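See structure below.
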Amino acid sequence: MNRRSLSSARRLERGRGPVIVDSVPFQHCLIHSFIENSEFLDGLKDELLALNFHEKSNDLYKFQQSEDLKSRKEPHITALRKVLFEDFRQWLSEVTNVDLETTVDISCAQYNYTDILLCHDDELEGRRFAFILYLVPDWTEADGGTLDLYSTDEKAQPSHIVKSLIPSWNKLVFFEVSPVSFHQVSEVLSEGKCRLSVSGWFHGTSLERPSRPLDLQPVRSPHIPCDHEVLYEWINPVYLSVEYQAQIQEEFEDASEILLKDFLKEEKFKTVAAALKTESVAWELLGPPNRRCYKRAEGDLPEALKSCMELLKSEAFFLLLSNLSGLKLHFLAANNEESDDEEEGSSEVNVRTSEADRNPTTETGSDRVPMCYGELRHWEHGHYTLIHDHDPERQEFALDLMWFCGCEDWDTDYGGFTSYIAKEEDEELLTVYPEDNCLALVYRDKETMRFVKHVNHKSLQRDAGLPNQKGFWDFAFVYYE
């Protein structure tokens with residue numbers, strides 16, 4: 001954007017409403033009272049609310065979106081489209097000294113209670129400026145739904161929210177789409193108000209995008225020596241039965257996923273649950289917010305939690321997982337000789353392949369040591385993970401393990417569940433919901449991605465009735481053959 005034309009915080013007068021321009025944290029502009037005719041706005045709102053809206057929900061967002069407004073014939077929608085993509089586009093091009101194309105890119109969105117659009121930068125080939133016109137009732141910061149603008153760090157990654165723009169009737173906001181234009185629509189907290197807006201993009205030559213920093217590959221380790229007696233100390237005896245393990249393995253090989261209820265002995269589960277509620281656990285909030293937001297346990301853990309982590313890393317547990325899944329996670333585990341040719345094209349969580357495909361070193365006779373990494377996570381209101389292109393986890397086949405605690409009365413409407421989807425598709429292959437003392441196992445391939453859905457405001461209703469607890473916890477591990 002031409003800084004000589006739009007300097008920081010400079011005010012202009014255009015019609016009834018001022019134009020407020022600011023470059024912090026990135027170039028953006030507000031125009032109050034964008035449309036002078038209030039009767040026109042009422043008619044526009046009526047036409048928009050009469051459209052067909054569709055639920056949009058994935059890792060990044062949850063809201064209702066209208067059909068494309070590019071070809072709608074309603075008079076008020078047509079008039080607005082003409083104002084935006086002819087008169088306003090020409091004015092914007094002149095004051096920014098940016099050539100803008102005639103492409104029309106516009107739709108309408110409704111955000112209701114718990115709807116959200118998480119941190120992102122809007123960058124997509126051809127997008128040059130983003131705009132939002134609000135048609136909301138009286139709105140305050142307490143209603144949520146603010147347009148939050150993020151600062152960026154030295155790696156051009158989003159850091160902190162430094163400005164929140166509250167929606168108001170007939171306010172137009174637009175900003176330059178750039179490698180640092182990170183923003184979000186905060187969760188709508190009002191149960192009785194609808195955040196209605198018209199939004200889209202003006203297209204032109206995109207700004208040059210620098211390479212993004214990659215996530216560090218988590219540090220993996222082989223199993224730690226541990227006598228098999230630890231299993232009898234911790235694990236529900238039903239899962240140590242050879243016959244039941246064979247039944248579980250058969251089910252797992254068919255579906256590539258399984259949920260094992262009451263996995264730990266009751267007394268062990270209660271001990272771990274009590275330790276998690278103490279203040280002696282140090283939690284680190286992980287980011288950046290365009291990829292994740294949750295807490296991970298750091299430093300020294302209380303003895304019960306330390307012992308649980310060691311259980312999941314132990315040699316005995318690796319062998320147990322081998323017996324439950326059929327995967328080669330221990331040298332004593334039987335080789336799976338079964339051919340999987342008939343399963344090509346399966347719509348399960350992964351397309352199972354032969355042992356040689358999953359582990360190319362097997363055929364050559366060289367040894368490959370089974371490995372794992374894991375963390376203890378805390379999930380509460382506002383936490384989530386997002387899918388991103390350079391996730392190092394997406395490079396190989398893996399067995400995911402999640403064991404949950406603190407999930408009493410957890411409702412599926414609260415979020416916090418783990419969704420698995422196929423690459424470049426929105427349809428969910430599998431959803432794992434948190435449930436107390438349940439062990440979830442999921443075998444995924446390179447084409448399968450996962451995310452934890454945003455934990456929303458409804459979860460606070462449950463937390464209000466629980467002493468010393470917010471949200472829930474899970475032990476999350478990944479195992480590699």
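Following the order of the structure tokens, first chain is A, next is B, and so on, with residues numbered from 1 inside each chain and ligands from 1 in the order they appear.
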Quick one: residues within 9 Å of Cys108 (chain A), only C-alpha atoms, excluding same-chain residues fewer than 4 positions away - as a list of chain:residue names?
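Here the qualifying residues turn out to be A:Leu48, A:Phe53, A:Gln64, A:Gln65, A:Ser66, A:Glu67, A:Asp68, A:Leu69, A:Leu196, A:Ser197, A:Val198, A:Ser199, A:Gly200.
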Wanna dump the region 261-338 of chain A-region 207-228 of chain A contacts at 7 Å for me, each residue with its shortest atom pair and the distance in Å to one decimal, counting only C-alpha atoms, ordered by chain and number, as a tab-separated table?
residue	atom	partner	partner_atom	distance
A:Lys313	CA	A:His223	CA	5.3
A:Ser314	CA	A:Ile224	CA	4.8
A:Glu315	CA	A:His223	CA	5.0
A:Ala316	CA	A:His228	CA	5.0
A:Phe318	CA	A:His223	CA	7.0
Write the selection just made, keeping N, CA and C atoms, as an mmCIF file, in the first residue's frame?
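Saved the output as result_16.cif:
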data_model
loop_
_atom_site.group_PDB
_atom_site.id
_atom_site.type_symbol
_atom_site.label_atom_id
_atom_site.label_comp_id
_atom_site.auth_asym_id
_atom_site.auth_seq_id
_atom_site.Cartn_x
_atom_site.Cartn_y
_atom_site.Cartn_z
ATOM 1 N N LYS A 313 5.998 -44.936 27.565
ATOM 2 C CA LYS A 313 7.267 -45.038 26.845
ATOM 3 C C LYS A 313 7.964 -46.381 27.072
ATOM 4 N N SER A 314 7.396 -47.226 27.913
ATOM 5 C CA SER A 314 8.101 -48.421 28.367
ATOM 6 C C SER A 314 8.129 -49.514 27.307
ATOM 7 N N GLU A 315 9.118 -50.377 27.434
ATOM 8 C CA GLU A 315 9.235 -51.524 26.535
ATOM 9 C C GLU A 315 8.001 -52.415 26.634
ATOM 10 N N ALA A 316 7.522 -52.640 27.854
ATOM 11 C CA ALA A 316 6.337 -53.482 28.038
ATOM 12 C C ALA A 316 5.128 -52.897 27.322
ATOM 13 N N PHE A 318 5.201 -50.870 24.653
ATOM 14 C CA PHE A 318 5.418 -51.031 23.205
ATOM 15 C C PHE A 318 4.944 -52.419 22.755
#
Nearest candidate to Ile421 (chain A) (options A:Asn290, A:Asn58, A:Leu240, A:Gln469; using only C-alpha atoms):
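Among the listed residues, A:Asn58 lies closest to Ile421 (chain A).
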Could you name the residues that touch region 398-403 of chain A at 6 Å or less, counting only C-alpha atoms, but leaving out those on the same chain fewer than 5 positions away, as a count of residues only?
14
Looking at A:Thr271, A:Ser57, A:Thr385, A:Asn236, which one is nearest to Glu427 (chain A), with distances taken over only C-alpha atoms?
A:Ser57
Compile the contact shell of Val272 (chain A) as a PyMOL selection string: residues with an atom at most 7 Å away, counting only C-alpha atoms, same-chain residues fewer than 4 positions apart removed.
chain A and resi 268+276+304-305
Of the residues A:Gln395, A:Val230, A:Lys73, A:Ala282, which is the one nearest to Phe317 (chain A), using only C-alpha atoms?
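Once distances to Phe317 (chain A) are computed over only C-alpha atoms, the minimum belongs to A:Val230.
Considering the residues A:Leu386, A:Leu41, A:Leu429, A:Ala464 and counting only C-alpha atoms, Ser256 (chain A) has its shortest atom-to-atom contact with A:Leu429.
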